[in-house]
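One structure is given here, and the rest of the page talks about it.
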Amino acid sequence: MKLGPISLAVVVCLLLAMPWLVSGSFLNAAIQMLIAALFAMAFGLLCGRAGMLSFGHAAYFGVGAFAAVHAMNAFGGEGLLPTPLLPLVGAGTGLVSGLVAGYFSTKRTGVYFAMITLALAELLHALAPHMKAMFGGEAGVSSFRMPAWGFSFGSITEVYFLTLAWTLLSIAALYLFSKTPLGSLALGLRENAHRLRFLGYNTHALGTLIFAVSAMFAGIAGALQSLNIEAANYVVLESHISTAVVLNSFIGGVRVFLGPAIGGAVMTFFGHVTSDLTRVWLLYQGIIFVLVMMFMPRGIVGEIVDRFSAPTRAGILRLLGDICLRLGAVAVAAIGAIFLIEFLQRLLSNEYRANVAAAGWPDITLFSMDWSPLSIQPWGFGLGLMAVGIALVVTINRRLAARKEAEA
């Protein structure tokens, strides 16, 4: 039973039906998820397939965004570049900038390559505020989506379908690229560049081409971002954009084809939900990344693919049961950790310290209850849940390992 094609078809159908299933606010979040997924796929081609870790991929996302918004102003959604084709400008700009930056970056490998990509991106970010004609200064560059091909592009639904179409086409193109000789050579570049060089291949030219193709798709993602918000600011060139795509891709599974896309979409949704609930949502993202790298180094999608690589009905049911047990134990520990983090965040906040100076140590409301910071109860509750959850995880893992050893 092939679960992959069936799951993919179900996901595509859900994406097509999304505007009729969710509210406008969530539909806007879905657009951001699609853009993040495409950006992560572009990074995954470079890092996961070719083995080149870039710390400056926001540069190509940013130049694609600015190129698209300038094209919106220049063509007004008509002529050679109607609104639906504007991402082509981002693709072309990303490709050219990727060729230039890739030529210099790929002269080195490993950590030196990563540092060069970071330096080039930071150089562009530092220059952007001073190049006001191109980047618009602090205000950035704004524009408006213009009607084309019978669509007004004034509604969020039309923007969603435009973003979805470009994302699906780009992911399909990346898949087809992975089947080409150049895509296969990218794997060789990752696994053994010295052997490729011994066989007569120009590894520097190969690395430059892979870098440029990755930058091209990053430029498409940046152009879709400009189409969505009808503006571009040099904030899109900041290092946190590069950091986010690295974290999202590795959380999903950078060496699984759709792993970066799933990681980018899931973590973008996570940020959309948690940013309204807590001030320390970035801390939770960091914790998730650390835990995934420690216990699931292949990424979430990589672990799922490995475990369900040869599924049978009995095997699937057993795996689902094991996963539910582990998730239940992890949930207990997570509740305790979340309680402690949120309690400490409130305790150390400026507002609470002002209240302490005015009226002593007031209770902190959390989980619909009032907790005294001077009492042992909140600390015992959080630490106790964490201890119970960790003990359950260890016990379950030992029993599952013993069962697997007995069956072997």
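By order in the structure tokens, chains are A, B, ...; within a chain, residues start at 1; ligands start at 1, following the order shown.
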task = Tell me which protein, DNA and RNA residues are within 12 Å of Leu174 of chain A, counting only C-alpha atoms, leaving out same-chain ones fewer than 4 positions away, and put them as a list in words.
result =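 Residues meeting the cut-off are Leu38, Phe39, Ala40, Met41, Ala42, Phe43, Gly44, Leu45, Leu46, Arg49, Thr167, Leu168, Leu169, Ser170, Ser178, Lys179, Thr180, Leu182, Gly183, Ile210, Val213, Ser214, Met216, Phe217, Ala218, Phe257, Leu258 and Ala261 of chain A.
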Hey, can you spit out that residue selection with N, CA and C atoms as a CSV table (one decimal), in the first residue's frame?
```csv
chain,number,residue,atom,x,y,z
A,38,LEU,N,7.7,26.9,0.6
A,38,LEU,CA,8.5,27.1,-0.7
A,38,LEU,C,10.0,27.6,-0.4
A,39,PHE,N,10.1,28.5,0.5
A,39,PHE,CA,11.4,29.0,0.9
A,39,PHE,C,12.2,27.9,1.5
A,40,ALA,N,11.6,27.1,2.4
A,40,ALA,CA,12.3,26.0,3.0
A,40,ALA,C,12.7,24.9,1.9
A,41,MET,N,11.9,24.7,0.9
A,41,MET,CA,12.2,23.8,-0.1
A,41,MET,C,13.4,24.2,-0.9
A,42,ALA,N,13.5,25.6,-1.2
A,42,ALA,CA,14.7,26.1,-1.9
A,42,ALA,C,15.9,25.9,-1.0
A,43,PHE,N,15.8,26.1,0.2
A,43,PHE,CA,17.0,25.9,1.1
A,43,PHE,C,17.3,24.4,1.2
A,44,GLY,N,16.3,23.6,1.2
A,44,GLY,CA,16.5,22.1,1.3
A,44,GLY,C,17.3,21.6,0.1
A,45,LEU,N,17.0,22.2,-1.1
A,45,LEU,CA,17.8,21.8,-2.3
A,45,LEU,C,19.3,22.0,-2.1
A,46,LEU,N,19.6,23.2,-1.5
A,46,LEU,CA,21.0,23.5,-1.3
A,46,LEU,C,21.7,22.7,-0.2
A,49,ARG,N,20.1,18.4,-0.2
A,49,ARG,CA,20.5,17.6,-1.4
A,49,ARG,C,22.0,17.7,-1.7
A,167,THR,N,3.4,27.8,-5.5
A,167,THR,CA,4.1,26.9,-4.6
A,167,THR,C,4.1,25.5,-5.1
A,168,LEU,N,2.9,25.0,-5.6
A,168,LEU,CA,2.8,23.6,-6.1
A,168,LEU,C,3.6,23.5,-7.4
A,169,LEU,N,3.6,24.5,-8.3
A,169,LEU,CA,4.4,24.4,-9.5
A,169,LEU,C,5.9,24.4,-9.1
A,170,SER,N,6.3,25.2,-8.2
A,170,SER,CA,7.7,25.2,-7.8
A,170,SER,C,8.2,23.9,-7.2
A,178,SER,N,15.3,17.2,-9.2
A,178,SER,CA,16.0,16.1,-8.5
A,178,SER,C,16.2,14.9,-9.3
A,179,LYS,N,15.4,14.7,-10.4
A,179,LYS,CA,15.5,13.5,-11.2
A,179,LYS,C,16.4,13.7,-12.4
A,180,THR,N,16.9,15.0,-12.6
A,180,THR,CA,17.8,15.2,-13.7
A,180,THR,C,19.2,14.8,-13.4
A,182,LEU,N,21.8,16.7,-13.3
A,182,LEU,CA,22.3,17.7,-12.4
A,182,LEU,C,21.9,17.5,-11.0
A,183,GLY,N,20.6,17.2,-10.8
A,183,GLY,CA,20.0,16.9,-9.5
A,183,GLY,C,20.7,15.7,-8.9
A,210,ILE,N,23.9,24.7,-8.5
A,210,ILE,CA,22.9,24.3,-7.5
A,210,ILE,C,22.6,25.5,-6.6
A,213,VAL,N,20.1,27.8,-8.5
A,213,VAL,CA,18.8,27.2,-8.6
A,213,VAL,C,18.0,27.4,-7.3
A,214,SER,N,18.8,27.1,-6.2
A,214,SER,CA,18.2,27.3,-4.9
A,214,SER,C,17.8,28.8,-4.7
A,216,MET,N,17.0,30.9,-6.9
A,216,MET,CA,15.9,31.2,-7.8
A,216,MET,C,14.6,30.9,-7.2
A,217,PHE,N,14.5,29.8,-6.6
A,217,PHE,CA,13.2,29.4,-5.9
A,217,PHE,C,13.0,30.2,-4.6
A,218,ALA,N,14.1,30.6,-4.0
A,218,ALA,CA,14.0,31.5,-2.8
A,218,ALA,C,13.4,32.9,-3.3
A,257,PHE,N,12.6,14.8,0.9
A,257,PHE,CA,12.2,15.8,-0.2
A,257,PHE,C,11.2,16.8,0.4
A,258,LEU,N,10.1,16.4,0.9
A,258,LEU,CA,9.1,17.3,1.4
A,258,LEU,C,9.3,17.7,2.9
A,261,ALA,N,9.5,21.6,3.5
A,261,ALA,CA,8.2,22.2,3.3
A,261,ALA,C,7.2,22.0,4.5
```
All residues 8 Å or closer to Leu99 of chain A, only C-alpha atoms, same chain fewer than 4 positions away omitted, as a PyMOL selection string = chain A and resi 95+103+208-209+211-212
query = Hey, can you check how far atom CA of Pro5 of chain A sits from atom CA of Gly222 of chain A?
reply =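 Computed distance, atom CA of Pro5 of chain A to atom CA of Gly222 of chain A, equals 28.6 Å.
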request  = Kindly indicate which residue among A:Leu383, A:Leu120, A:Met18, A:Ala91 lies nearest to Leu237 of chain A, using only C-alpha atoms for the distances.
outcome  = A:Leu120
request  = From the DSSP assignment of the backbone, select every residue of segment 185-379 of chain A that is helix (DSSP H, G or I), and format the answer as a VMD selection string.
outcome  = chain A and resid 185 to 191 193 to 198 203 to 229 234 to 237 239 to 252 259 to 274 281 to 295 299 to 307 313 to 347 350 to 359 377 to 379
Let me see the file: selected residues, C-alpha atoms, as a short mmCIF file (atom, residue, chain, number, x, y, z; two decimals), in the first residue's frame.
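Once written, result-v8.cif looks like this:
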```
data_model
loop_
_atom_site.label_atom_id
_atom_site.label_comp_id
_atom_site.auth_asym_id
_atom_site.auth_seq_id
_atom_site.Cartn_x
_atom_site.Cartn_y
_atom_site.Cartn_z
CA LEU A 185 25.16 15.09 -9.24
CA ALA A 186 24.07 17.30 -6.35
CA LEU A 187 23.85 14.16 -4.22
CA GLY A 188 27.37 13.25 -5.27
CA LEU A 189 28.50 16.73 -4.30
CA ARG A 190 27.09 16.12 -0.83
CA GLU A 191 28.40 12.60 -0.37
CA ALA A 193 32.93 15.88 -3.82
CA HIS A 194 36.50 14.57 -4.11
CA ARG A 195 35.33 11.55 -6.07
CA LEU A 196 33.33 13.77 -8.42
CA ARG A 197 36.41 15.86 -9.00
CA PHE A 198 38.45 12.71 -9.63
CA THR A 203 32.62 20.72 -8.69
CA HIS A 204 32.88 24.50 -8.40
CA ALA A 205 30.64 25.03 -11.45
CA LEU A 206 28.28 22.33 -10.18
CA GLY A 207 28.03 23.95 -6.75
CA THR A 208 27.46 27.37 -8.32
CA LEU A 209 24.58 26.04 -10.45
CA ILE A 210 22.92 24.31 -7.49
CA PHE A 211 23.31 27.48 -5.43
CA ALA A 212 21.76 29.57 -8.22
CA VAL A 213 18.77 27.23 -8.65
CA SER A 214 18.16 27.30 -4.90
CA ALA A 215 18.37 31.10 -4.90
CA MET A 216 15.92 31.20 -7.84
CA PHE A 217 13.22 29.39 -5.89
CA ALA A 218 13.97 31.52 -2.82
CA GLY A 219 13.38 34.54 -5.05
CA ILE A 220 9.99 33.15 -6.08
CA ALA A 221 9.06 32.82 -2.41
CA GLY A 222 10.14 36.41 -1.79
CA ALA A 223 8.09 37.64 -4.76
CA LEU A 224 5.01 35.85 -3.41
CA GLN A 225 5.59 37.61 -0.09
CA SER A 226 5.57 40.99 -1.84
CA LEU A 227 2.41 40.08 -3.72
CA ASN A 228 0.76 39.10 -0.47
CA ILE A 229 1.57 42.21 1.58
CA TYR A 234 14.76 45.62 4.07
CA VAL A 235 13.60 43.67 7.14
CA VAL A 236 13.25 40.68 4.77
CA LEU A 237 17.05 40.73 4.47
CA SER A 239 19.47 37.35 9.64
CA HIS A 240 16.45 36.04 11.52
CA ILE A 241 14.85 35.18 8.16
CA SER A 242 17.87 33.03 7.31
CA THR A 243 17.81 31.52 10.79
CA ALA A 244 14.13 30.65 10.54
CA VAL A 245 14.50 28.77 7.26
CA VAL A 246 17.44 26.77 8.66
CA LEU A 247 15.52 25.80 11.82
CA ASN A 248 12.30 25.00 9.95
CA SER A 249 14.06 22.85 7.37
CA PHE A 250 15.98 20.81 9.94
CA ILE A 251 12.90 20.36 12.12
CA GLY A 252 10.98 18.96 9.15
CA GLY A 259 10.57 17.55 4.90
CA PRO A 260 11.59 21.24 4.67
CA ALA A 261 8.17 22.21 3.27
CA ILE A 262 6.33 20.47 6.09
CA GLY A 263 8.71 21.90 8.68
CA GLY A 264 8.30 25.42 7.30
CA ALA A 265 4.51 25.19 7.18
CA VAL A 266 4.14 23.61 10.63
CA MET A 267 6.50 26.01 12.39
CA THR A 268 4.89 29.03 10.69
CA PHE A 269 1.50 27.82 11.91
CA PHE A 270 3.00 27.24 15.36
CA GLY A 271 4.25 30.83 15.43
CA HIS A 272 0.89 32.16 14.22
CA VAL A 273 -0.95 30.39 17.03
CA THR A 274 1.47 30.78 19.93
CA TRP A 281 6.89 31.80 21.76
CA LEU A 282 10.35 32.10 20.18
CA LEU A 283 11.76 30.27 23.19
CA TYR A 284 9.39 27.38 22.50
CA GLN A 285 10.54 27.26 18.88
CA GLY A 286 14.13 27.05 20.05
CA ILE A 287 13.30 24.27 22.52
CA ILE A 288 11.53 22.30 19.78
CA PHE A 289 14.56 22.62 17.52
CA VAL A 290 16.96 21.46 20.24
CA LEU A 291 14.78 18.46 21.14
CA VAL A 292 14.33 17.45 17.50
CA MET A 293 18.06 17.63 16.85
CA MET A 294 18.80 15.62 20.00
CA PHE A 295 16.23 12.86 19.63
CA GLY A 299 13.79 15.55 11.43
CA ILE A 300 10.15 14.85 12.14
CA VAL A 301 9.30 13.83 8.57
CA GLY A 302 12.49 11.80 8.31
CA GLU A 303 11.53 9.81 11.40
CA ILE A 304 8.03 9.19 10.05
CA VAL A 305 9.35 8.03 6.68
CA ASP A 306 11.83 5.66 8.35
CA ARG A 307 9.21 4.13 10.61
CA ARG A 313 -1.82 -2.97 8.69
CA ALA A 314 -0.59 -4.68 11.85
CA GLY A 315 2.67 -2.77 11.77
CA ILE A 316 0.92 0.57 11.32
CA LEU A 317 -1.44 -0.09 14.23
CA ARG A 318 1.46 -1.09 16.48
CA LEU A 319 3.50 1.95 15.48
CA LEU A 320 0.52 4.25 16.04
CA GLY A 321 0.05 2.72 19.49
CA ASP A 322 3.72 3.23 20.36
CA ILE A 323 3.61 6.81 19.10
CA CYS A 324 0.50 7.57 21.16
CA LEU A 325 2.16 6.21 24.30
CA ARG A 326 5.26 8.31 23.73
CA LEU A 327 3.27 11.43 22.87
CA GLY A 328 1.20 11.02 26.02
CA ALA A 329 4.31 10.81 28.18
CA VAL A 330 5.92 13.75 26.38
CA ALA A 331 2.71 15.76 26.83
CA VAL A 332 2.88 15.32 30.61
CA ALA A 333 6.47 16.60 30.70
CA ALA A 334 5.61 19.41 28.27
CA ILE A 335 2.74 20.65 30.45
CA GLY A 336 5.09 20.88 33.41
CA ALA A 337 7.75 22.68 31.35
CA ILE A 338 5.21 25.12 29.88
CA PHE A 339 3.85 25.88 33.34
CA LEU A 340 7.32 26.69 34.68
CA ILE A 341 8.29 28.80 31.65
CA GLU A 342 5.07 30.83 31.73
CA PHE A 343 5.26 31.21 35.52
CA LEU A 344 8.83 32.48 35.34
CA GLN A 345 7.98 34.81 32.43
CA ARG A 346 5.23 36.44 34.47
CA LEU A 347 7.36 36.49 37.62
CA ASN A 350 8.44 44.40 34.32
CA GLU A 351 4.73 44.61 35.20
CA TYR A 352 5.06 42.09 38.02
CA ARG A 353 8.19 43.73 39.41
CA ALA A 354 6.30 47.02 39.49
CA ASN A 355 3.49 45.30 41.43
CA VAL A 356 6.04 43.83 43.86
CA ALA A 357 7.43 47.29 44.54
CA ALA A 358 3.92 48.63 45.15
CA ALA A 359 2.09 45.80 46.94
CA GLN A 377 3.02 24.65 45.17
CA PRO A 378 3.74 26.18 41.72
CA TRP A 379 7.33 24.94 41.69
#
```
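We find atom CA of Asn192 of chain A and atom CA of Ser54 of chain A to be spaced 18.7 Å apart.
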request  = Can you list, as a list of chain:residue names, all residues belonging to segment 117-275 of chain A that DSSP tags as strand (DSSP E or B)?
outcome  = A:Val141, A:Ser142, A:Ala148, A:Phe151, A:Ala231, A:Ala232
Generate a file of the selected residues that holds C-alpha atoms, formatted as a PDB file, in the first residue's frame.
```pdb
ATOM      1  CA  VAL A 141       8.791  50.074  -1.246  1.00  0.00           C
ATOM      2  CA  SER A 142       5.033  49.618  -1.571  1.00  0.00           C
ATOM      3  CA  ALA A 148      -5.144  40.664 -14.680  1.00  0.00           C
ATOM      4  CA  PHE A 151      -9.077  38.428 -11.641  1.00  0.00           C
ATOM      5  CA  ALA A 231       5.240  45.938  -0.017  1.00  0.00           C
ATOM      6  CA  ALA A 232       8.856  45.080   0.656  1.00  0.00           C
TER       7      ALA A 232
END
```
query = Closest to Ser349 of chain A among A:Leu392, A:Ile171, A:Val12, A:Val280, using only C-alpha atoms?
reply = A:Val280
inquiry  = Here is a test: counting only C-alpha atoms, which residue of A:Gly48, A:Leu81, A:Val111, A:Met146 is nearest to Glu158 of chain A?
reply    =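 Selected residue with least distance to Glu158 of chain A: A:Met146.
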message = Using only C-alpha atoms, can you tell me which of A:Leu8, A:Ala139, A:Ala67, A:Leu374 comes closest to Val96 of chain A?
response =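 So, comparing all the options, the nearest one is A:Ala67.
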